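Content type mmCIF, C-alpha atoms, from the file query.cif:
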```
data_target
#
loop_
_atom_site.group_PDB
_atom_site.id
_atom_site.type_symbol
_atom_site.label_atom_id
_atom_site.label_comp_id
_atom_site.auth_asym_id
_atom_site.auth_seq_id
_atom_site.Cartn_x
_atom_site.Cartn_y
_atom_site.Cartn_z
ATOM 1 C CA MET A 18 59.143 24.848 109.260
ATOM 2 C CA SER A 19 58.422 26.089 112.776
ATOM 3 C CA GLU A 20 61.447 28.375 112.518
ATOM 4 C CA TYR A 21 59.941 30.045 109.459
ATOM 5 C CA ILE A 22 56.568 30.432 111.173
ATOM 6 C CA GLU A 23 58.282 32.271 114.014
ATOM 7 C CA ARG A 24 60.252 34.422 111.565
ATOM 8 C CA ILE A 25 57.072 35.366 109.696
ATOM 9 C CA LEU A 26 55.209 36.231 112.887
ATOM 10 C CA ARG A 27 58.100 38.470 113.959
ATOM 11 C CA ALA A 28 58.752 39.995 110.540
ATOM 12 C CA ARG A 29 59.062 43.770 110.473
ATOM 13 C CA VAL A 30 57.330 44.850 107.309
ATOM 14 C CA TYR A 31 54.669 47.334 108.352
ATOM 15 C CA ASP A 32 57.042 50.254 108.846
ATOM 16 C CA VAL A 33 56.915 50.568 105.054
ATOM 17 C CA ALA A 34 54.341 48.088 103.725
ATOM 18 C CA ILE A 35 50.571 48.124 104.040
ATOM 19 C CA GLU A 36 48.288 45.205 104.803
ATOM 20 C CA SER A 37 46.997 44.957 101.256
ATOM 21 C CA PRO A 38 43.322 44.153 100.729
ATOM 22 C CA LEU A 39 42.011 40.749 99.695
ATOM 23 C CA ASP A 40 39.505 41.795 97.065
ATOM 24 C CA PRO A 41 36.825 39.679 95.386
ATOM 25 C CA ALA A 42 37.038 39.154 91.626
ATOM 26 C CA PRO A 43 33.333 38.733 90.768
ATOM 27 C CA ARG A 44 33.616 38.254 87.003
ATOM 28 C CA LEU A 45 36.422 35.731 87.269
ATOM 29 C CA SER A 46 34.556 33.984 90.082
ATOM 30 C CA ARG A 47 31.444 33.630 87.916
ATOM 31 C CA ARG A 48 33.497 32.393 84.990
ATOM 32 C CA LEU A 49 35.218 29.709 87.090
ATOM 33 C CA GLY A 50 32.244 28.835 89.262
ATOM 34 C CA ASN A 51 34.221 29.458 92.408
ATOM 35 C CA THR A 52 35.114 32.279 94.773
ATOM 36 C CA VAL A 53 38.283 33.997 93.583
ATOM 37 C CA LEU A 54 40.014 36.606 95.737
ATOM 38 C CA LEU A 55 42.954 38.760 94.674
ATOM 39 C CA LYS A 56 45.678 39.867 97.079
ATOM 40 C CA ARG A 57 46.352 43.453 96.013
ATOM 41 C CA GLU A 58 50.103 43.759 96.419
ATOM 42 C CA ASP A 59 50.047 46.212 93.515
ATOM 43 C CA LEU A 60 48.872 48.765 96.100
ATOM 44 C CA GLN A 61 52.168 48.667 98.008
ATOM 45 C CA PRO A 62 54.292 51.858 97.940
ATOM 46 C CA VAL A 63 56.536 50.277 95.264
ATOM 47 C CA PHE A 64 53.616 48.393 93.644
ATOM 48 C CA SER A 65 55.042 44.986 94.562
ATOM 49 C CA PHE A 66 55.383 42.464 97.393
ATOM 50 C CA LYS A 67 59.175 42.748 97.063
ATOM 51 C CA LEU A 68 59.188 45.558 99.604
ATOM 52 C CA ARG A 69 58.234 43.161 102.400
ATOM 53 C CA GLY A 70 61.260 40.902 102.104
ATOM 54 C CA ALA A 71 63.728 43.693 101.393
ATOM 55 C CA TYR A 72 62.646 45.691 104.413
ATOM 56 C CA ASN A 73 62.537 42.730 106.772
ATOM 57 C CA LYS A 74 66.128 41.885 105.843
ATOM 58 C CA ILE A 75 67.381 45.453 106.138
ATOM 59 C CA ALA A 76 65.536 45.989 109.426
ATOM 60 C CA SER A 77 67.260 42.897 110.851
ATOM 61 C CA LEU A 78 70.783 44.252 110.301
ATOM 62 C CA SER A 79 72.761 45.479 113.290
ATOM 63 C CA GLU A 80 73.398 49.218 113.394
ATOM 64 C CA SER A 81 77.100 48.874 112.618
ATOM 65 C CA VAL A 82 76.458 46.590 109.652
ATOM 66 C CA ALA A 83 73.578 48.685 108.345
ATOM 67 C CA GLN A 84 75.549 51.908 108.393
ATOM 68 C CA ARG A 85 78.077 50.451 105.959
ATOM 69 C CA GLY A 86 75.251 50.243 103.451
ATOM 70 C CA VAL A 87 73.434 47.634 101.398
ATOM 71 C CA ILE A 88 73.620 46.537 97.797
ATOM 72 C CA CYS A 89 71.468 44.505 95.451
ATOM 73 C CA ALA A 90 71.209 43.523 91.815
ATOM 74 C CA SER A 91 67.847 44.115 90.205
ATOM 75 C CA ALA A 92 66.207 45.685 87.203
ATOM 76 C CA GLY A 93 62.817 46.205 88.767
ATOM 77 C CA ASN A 94 60.700 45.696 91.865
ATOM 78 C CA HIS A 95 63.401 44.393 94.207
ATOM 79 C CA ALA A 96 65.537 47.424 93.389
ATOM 80 C CA GLN A 97 62.763 49.775 94.449
ATOM 81 C CA GLY A 98 62.043 47.743 97.563
ATOM 82 C CA VAL A 99 65.688 47.906 98.669
ATOM 83 C CA ALA A 100 65.957 51.613 97.886
ATOM 84 C CA LEU A 101 62.837 52.513 99.862
ATOM 85 C CA SER A 102 63.769 50.233 102.755
ATOM 86 C CA ALA A 103 67.258 51.722 102.986
ATOM 87 C CA ARG A 104 65.856 55.247 102.897
ATOM 88 C CA ARG A 105 63.446 54.343 105.690
ATOM 89 C CA ARG A 106 66.360 53.137 107.821
ATOM 90 C CA GLY A 107 68.588 56.053 106.833
ATOM 91 C CA ILE A 108 71.393 54.036 105.262
ATOM 92 C CA PRO A 109 72.983 54.089 101.786
ATOM 93 C CA ALA A 110 71.815 51.674 99.095
ATOM 94 C CA LEU A 111 73.672 50.820 95.901
ATOM 95 C CA ILE A 112 71.544 49.227 93.210
ATOM 96 C CA VAL A 113 73.343 47.450 90.370
ATOM 97 C CA MET A 114 71.181 47.311 87.267
ATOM 98 C CA PRO A 115 71.900 45.953 83.778
ATOM 99 C CA ARG A 116 72.639 48.619 81.182
ATOM 100 C CA THR A 117 69.529 47.449 79.339
ATOM 101 C CA THR A 118 67.217 48.523 82.193
ATOM 102 C CA PRO A 119 64.522 50.943 80.976
ATOM 103 C CA GLN A 120 65.117 54.512 82.097
ATOM 104 C CA ILE A 121 61.749 54.660 83.842
ATOM 105 C CA LYS A 122 62.898 51.915 86.246
ATOM 106 C CA VAL A 123 66.252 53.593 86.807
ATOM 107 C CA GLN A 124 64.499 56.863 87.606
ATOM 108 C CA ALA A 125 62.119 55.133 90.015
ATOM 109 C CA VAL A 126 65.081 53.900 92.079
ATOM 110 C CA LEU A 127 66.764 57.309 91.975
ATOM 111 C CA ASP A 128 63.536 58.918 93.188
ATOM 112 C CA LEU A 129 63.628 56.590 96.205
ATOM 113 C CA GLY A 130 67.152 57.667 97.104
ATOM 114 C CA GLY A 131 69.096 54.711 95.754
ATOM 115 C CA GLU A 132 72.476 55.051 94.094
ATOM 116 C CA ILE A 133 72.582 53.405 90.675
ATOM 117 C CA GLU A 134 75.421 51.559 88.985
ATOM 118 C CA LEU A 135 74.746 50.177 85.521
ATOM 119 C CA HIS A 136 76.731 47.053 84.707
ATOM 120 C CA GLY A 137 76.484 44.325 82.096
ATOM 121 C CA ASP A 138 73.746 43.520 79.630
ATOM 122 C CA ASP A 139 71.763 41.056 81.742
ATOM 123 C CA TYR A 140 70.829 40.246 85.320
ATOM 124 C CA ASP A 141 73.532 37.600 85.796
ATOM 125 C CA SER A 142 76.278 40.102 84.979
ATOM 126 C CA ALA A 143 74.793 42.681 87.327
ATOM 127 C CA TYR A 144 74.417 40.048 90.060
ATOM 128 C CA GLU A 145 78.037 38.887 89.889
ATOM 129 C CA HIS A 146 79.253 42.477 89.868
ATOM 130 C CA ALA A 147 77.100 43.349 92.880
ATOM 131 C CA LEU A 148 78.522 40.419 94.853
ATOM 132 C CA ALA A 149 82.059 41.545 94.021
ATOM 133 C CA VAL A 150 81.338 45.124 95.081
ATOM 134 C CA ALA A 151 79.729 43.888 98.300
ATOM 135 C CA ARG A 152 82.898 41.989 99.190
ATOM 136 C CA GLU A 153 85.204 44.879 98.264
ATOM 137 C CA ARG A 154 83.287 47.572 100.130
ATOM 138 C CA GLY A 155 81.869 45.587 103.028
ATOM 139 C CA LEU A 156 78.267 46.134 101.967
ATOM 140 C CA THR A 157 75.436 43.763 102.830
ATOM 141 C CA PHE A 158 74.000 42.053 99.761
ATOM 142 C CA ILE A 159 70.200 41.935 99.834
ATOM 143 C CA HIS A 160 69.199 38.853 97.874
ATOM 144 C CA PRO A 161 65.837 39.040 96.085
ATOM 145 C CA PHE A 162 64.688 35.619 97.325
ATOM 146 C CA ASP A 163 67.406 33.311 98.697
ATOM 147 C CA ASP A 164 67.512 34.604 102.270
ATOM 148 C CA PRO A 165 65.469 33.499 105.321
ATOM 149 C CA ALA A 166 64.662 37.100 106.305
ATOM 150 C CA VAL A 167 63.462 37.902 102.797
ATOM 151 C CA ILE A 168 61.351 34.726 102.660
ATOM 152 C CA ALA A 169 59.833 35.555 106.045
ATOM 153 C CA GLY A 170 58.950 39.051 104.883
ATOM 154 C CA GLN A 171 57.140 37.665 101.857
ATOM 155 C CA GLY A 172 55.435 35.093 104.079
ATOM 156 C CA THR A 173 53.503 37.848 105.851
ATOM 157 C CA ILE A 174 51.245 37.801 102.781
ATOM 158 C CA ALA A 175 49.968 34.350 103.777
ATOM 159 C CA MET A 176 49.407 35.539 107.331
ATOM 160 C CA GLU A 177 47.225 38.350 105.995
ATOM 161 C CA ILE A 178 45.380 36.129 103.507
ATOM 162 C CA LEU A 179 44.314 33.633 106.179
ATOM 163 C CA ARG A 180 43.265 36.338 108.629
ATOM 164 C CA GLN A 181 41.384 38.376 106.017
ATOM 165 C CA HIS A 182 39.660 35.311 104.592
ATOM 166 C CA ASP A 183 38.524 34.152 108.019
ATOM 167 C CA ALA A 184 37.124 37.613 108.738
ATOM 168 C CA THR A 185 34.976 37.747 105.590
ATOM 169 C CA HIS A 186 34.363 34.107 104.641
ATOM 170 C CA ALA A 187 34.141 32.369 108.003
ATOM 171 C CA GLY A 188 33.501 28.664 107.632
ATOM 172 C CA ALA A 189 34.419 28.517 103.945
ATOM 173 C CA PRO A 190 37.703 26.662 103.392
ATOM 174 C CA ILE A 191 40.520 27.943 101.214
ATOM 175 C CA ASP A 192 41.122 25.327 98.540
ATOM 176 C CA ALA A 193 44.261 26.816 96.997
ATOM 177 C CA ILE A 194 46.493 29.858 96.960
ATOM 178 C CA PHE A 195 47.942 30.585 93.529
ATOM 179 C CA VAL A 196 51.378 32.190 93.659
ATOM 180 C CA PRO A 197 53.558 33.543 90.825
ATOM 181 C CA ILE A 198 57.087 32.139 90.864
ATOM 182 C CA GLY A 199 60.257 33.921 89.859
ATOM 183 C CA GLY A 200 63.086 33.072 92.230
ATOM 184 C CA GLY A 201 60.817 31.242 94.675
ATOM 185 C CA GLY A 202 61.007 33.446 97.764
ATOM 186 C CA LEU A 203 57.332 34.379 97.637
ATOM 187 C CA ILE A 204 55.956 30.855 97.386
ATOM 188 C CA ALA A 205 58.459 29.598 99.981
ATOM 189 C CA GLY A 206 57.186 32.095 102.540
ATOM 190 C CA ILE A 207 53.525 31.608 101.687
ATOM 191 C CA ALA A 208 53.802 27.806 101.651
ATOM 192 C CA ALA A 209 55.641 27.694 104.980
ATOM 193 C CA TYR A 210 52.912 29.645 106.740
ATOM 194 C CA ALA A 211 49.782 28.492 104.928
ATOM 195 C CA THR A 212 50.453 24.753 104.939
ATOM 196 C CA SER A 213 51.414 24.772 108.613
ATOM 197 C CA LEU A 214 48.403 26.693 109.888
ATOM 198 C CA HIS A 215 45.822 25.928 107.218
ATOM 199 C CA PRO A 216 46.581 22.512 105.645
ATOM 200 C CA ARG A 217 43.744 22.783 103.103
ATOM 201 C CA ALA A 218 45.267 25.949 101.628
ATOM 202 C CA ARG A 219 47.599 24.351 99.132
ATOM 203 C CA PRO A 220 49.873 26.948 97.512
ATOM 204 C CA ARG A 221 50.257 26.344 93.770
ATOM 205 C CA GLY A 222 52.978 28.024 91.783
ATOM 206 C CA ALA A 223 52.984 29.411 88.264
ATOM 207 C CA ALA A 224 56.243 30.466 86.678
#
```

Render the structure in this file as structure tokens.
Amino acid sequence: MSEYIERILRARVYDVAIESPLDPAPRLSRRLGNTVLLKREDLQPVFSFKLRGAYNKIASLSESVAQRGVICASAGNHAQGVALSARRRGIPALIVMPRTTPQIKVQAVLDLGGEIELHGDDYDSAYEHALAVARERGLTFIHPFDDPAVIAGQGTIAMEILRQHDATHAGAPIDAIFVPIGGGGLIAGIAAYATSLHPRARPRGAA
């Protein structure tokens, strides 16, 4: 756990990400009889927390490895995070997307400078193809969640939550942090940081 705390503290996310606000939700708070705060990751440049992990991973690559390029499989937010992160570092990014991906998402990646390859009819097909291409071309595969650097990048959200909460609600404990779960990288990073430094803040997942 201490290794992840160190990784989160050293994560390089703010070259591309913002420290998103922790905004009160007054109507929901009244309805639930508690103080509810929303972490506004929808305000990130790609409208998602995925940028944090993607950039932290890409920023950690050596120059020689980075210049060969990166690749990922995604039909949405991770794709945009990788594309923007690669553009920021000045390296090529190949994004493998299922053929069923809506054109608006394809265009969003193209607008960020990513190269698109459509393959298969679902994520699993695109994922397997991306791994094969990575091996063939010597590209670095940027996993959407199963990578310590990606998890650490997402964990910076917990670091911000605790700091922002202490600044505006000093003395009031955090009872729980509710986290959406897809692959698990977000809750892994948040749980590692929050439970170590703020034991009362129990992250709870919702798939």

Long-range neighbours of A:Glu58 as a list in words, 10 Å cut-off, all atoms listed in the file, 2 positions minimum in chain: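 Once the adjacent positions are removed, what remains is Ala34, Ile35, Glu36, Ser37, Pro38, Leu39, Leu55, Lys56, Leu60, Gln61, Pro62, Val63, Phe64, Ser65, Phe66, Lys67, Leu68 and Ile174 of chain A.
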
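Between A:Met114 and the candidates A:Asp141, A:Asp128, A:Asp59, A:Glu80, the tightest atom-to-atom separation, counting all atoms listed in the file, involves A:Asp141.
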
Let me have the centre and edge lengths of the axis-aligned box enclosing all listed atoms of stretch 32-42 of chain A with 5 Å padding on every side, in Å to one decimal, as AutoDock Vina command-line options.
```
--center_x 46.9 --center_y 44.9 --center_z 100.2 --size_x 30.2 --size_y 21.4 --size_z 27.2
```

Residue neighbourhood A:Pro165, 10 Å, all atoms listed in the file, exclusion window fewer than 5 positions, as a list in words: Glu20, Tyr21, Arg24, Ile25, Gly70, Asn73, Lys74, His160, Gly170, Gln171, Gly202, Ala205 and Gly206 of chain A

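Residue nearest A:Gly137, chosen from A:Leu49, A:Ala110, A:Ala90, A:Ala28 and counting all atoms listed in the file: A:Ala90.
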
Minimum-distance residue to A:Gly130, chosen among A:Ala76, A:Ala175, A:Ala209, A:Ala96 (using all atoms listed in the file):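 That would be A:Ala96, the residue with the smallest distance to A:Gly130.
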
Using the incomplete input, complete stretch 86-107 of chain A to the level of N, CA, C and O atoms; output as a tab-separated table (two decimals), in the frame of the given file.
```tsv
chain	number	residue	atom	x	y	z
A	86	GLY	N	76.05	50.19	104.66
A	86	GLY	CA	75.25	50.24	103.45
A	86	GLY	C	74.87	48.88	102.93
A	86	GLY	O	75.42	47.84	103.33
A	87	VAL	N	73.91	48.87	102.01
A	87	VAL	CA	73.43	47.63	101.40
A	87	VAL	C	73.56	47.74	99.89
A	87	VAL	O	73.69	48.83	99.33
A	88	ILE	N	73.50	46.59	99.25
A	88	ILE	CA	73.62	46.54	97.80
A	88	ILE	C	72.73	45.41	97.28
A	88	ILE	O	72.51	44.42	97.98
A	89	CYS	N	72.22	45.58	96.08
A	89	CYS	CA	71.47	44.50	95.45
A	89	CYS	C	71.65	44.59	93.94
A	89	CYS	O	72.15	45.59	93.42
A	90	ALA	N	71.25	43.55	93.28
A	90	ALA	CA	71.21	43.52	91.82
A	90	ALA	C	69.76	43.32	91.41
A	90	ALA	O	69.13	42.36	91.84
A	91	SER	N	69.24	44.22	90.62
A	91	SER	CA	67.85	44.12	90.20
A	91	SER	C	67.57	45.11	89.10
A	91	SER	O	68.17	46.19	89.06
A	92	ALA	N	66.63	44.75	88.25
A	92	ALA	CA	66.21	45.68	87.20
A	92	ALA	C	64.78	46.14	87.43
A	92	ALA	O	64.18	46.75	86.55
A	93	GLY	N	64.22	45.87	88.60
A	93	GLY	CA	62.82	46.20	88.77
A	93	GLY	C	62.35	46.36	90.19
A	93	GLY	O	62.86	47.18	90.94
A	94	ASN	N	61.40	45.51	90.60
A	94	ASN	CA	60.70	45.70	91.86
A	94	ASN	C	61.59	45.53	93.09
A	94	ASN	O	61.43	46.24	94.08
A	95	HIS	N	62.51	44.58	93.06
A	95	HIS	CA	63.40	44.39	94.21
A	95	HIS	C	64.27	45.62	94.40
A	95	HIS	O	64.52	46.03	95.54
A	96	ALA	N	64.71	46.21	93.31
A	96	ALA	CA	65.54	47.42	93.39
A	96	ALA	C	64.80	48.53	94.13
A	96	ALA	O	65.37	49.20	95.02
A	97	GLN	N	63.54	48.73	93.79
A	97	GLN	CA	62.76	49.78	94.45
A	97	GLN	C	62.49	49.43	95.91
A	97	GLN	O	62.50	50.31	96.78
A	98	GLY	N	62.26	48.15	96.19
A	98	GLY	CA	62.04	47.74	97.56
A	98	GLY	C	63.26	47.99	98.44
A	98	GLY	O	63.15	48.48	99.57
A	99	VAL	N	64.45	47.68	97.92
A	99	VAL	CA	65.69	47.91	98.67
A	99	VAL	C	65.92	49.40	98.86
A	99	VAL	O	66.29	49.86	99.95
A	100	ALA	N	65.72	50.17	97.80
A	100	ALA	CA	65.96	51.61	97.89
A	100	ALA	C	65.05	52.26	98.93
A	100	ALA	O	65.50	53.06	99.76
A	101	LEU	N	63.76	51.93	98.90
A	101	LEU	CA	62.84	52.51	99.86
A	101	LEU	C	63.14	52.04	101.28
A	101	LEU	O	63.09	52.83	102.23
A	102	SER	N	63.47	50.78	101.43
A	102	SER	CA	63.77	50.23	102.76
A	102	SER	C	65.02	50.89	103.35
A	102	SER	O	65.06	51.21	104.54
A	103	ALA	N	66.03	51.07	102.52
A	103	ALA	CA	67.26	51.72	102.99
A	103	ALA	C	66.99	53.17	103.37
A	103	ALA	O	67.51	53.67	104.38
A	104	ARG	N	66.19	53.85	102.56
A	104	ARG	CA	65.86	55.25	102.90
A	104	ARG	C	65.12	55.32	104.22
A	104	ARG	O	65.37	56.21	105.04
A	105	ARG	N	64.21	54.36	104.44
A	105	ARG	CA	63.45	54.34	105.69
A	105	ARG	C	64.37	54.15	106.89
A	105	ARG	O	64.14	54.73	107.96
A	106	ARG	N	65.43	53.37	106.71
A	106	ARG	CA	66.36	53.14	107.82
A	106	ARG	C	67.46	54.19	107.87
A	106	ARG	O	68.21	54.26	108.84
A	107	GLY	N	67.59	54.98	106.85
A	107	GLY	CA	68.59	56.05	106.83
A	107	GLY	C	69.98	55.57	106.52
A	107	GLY	O	70.96	56.09	107.06
```
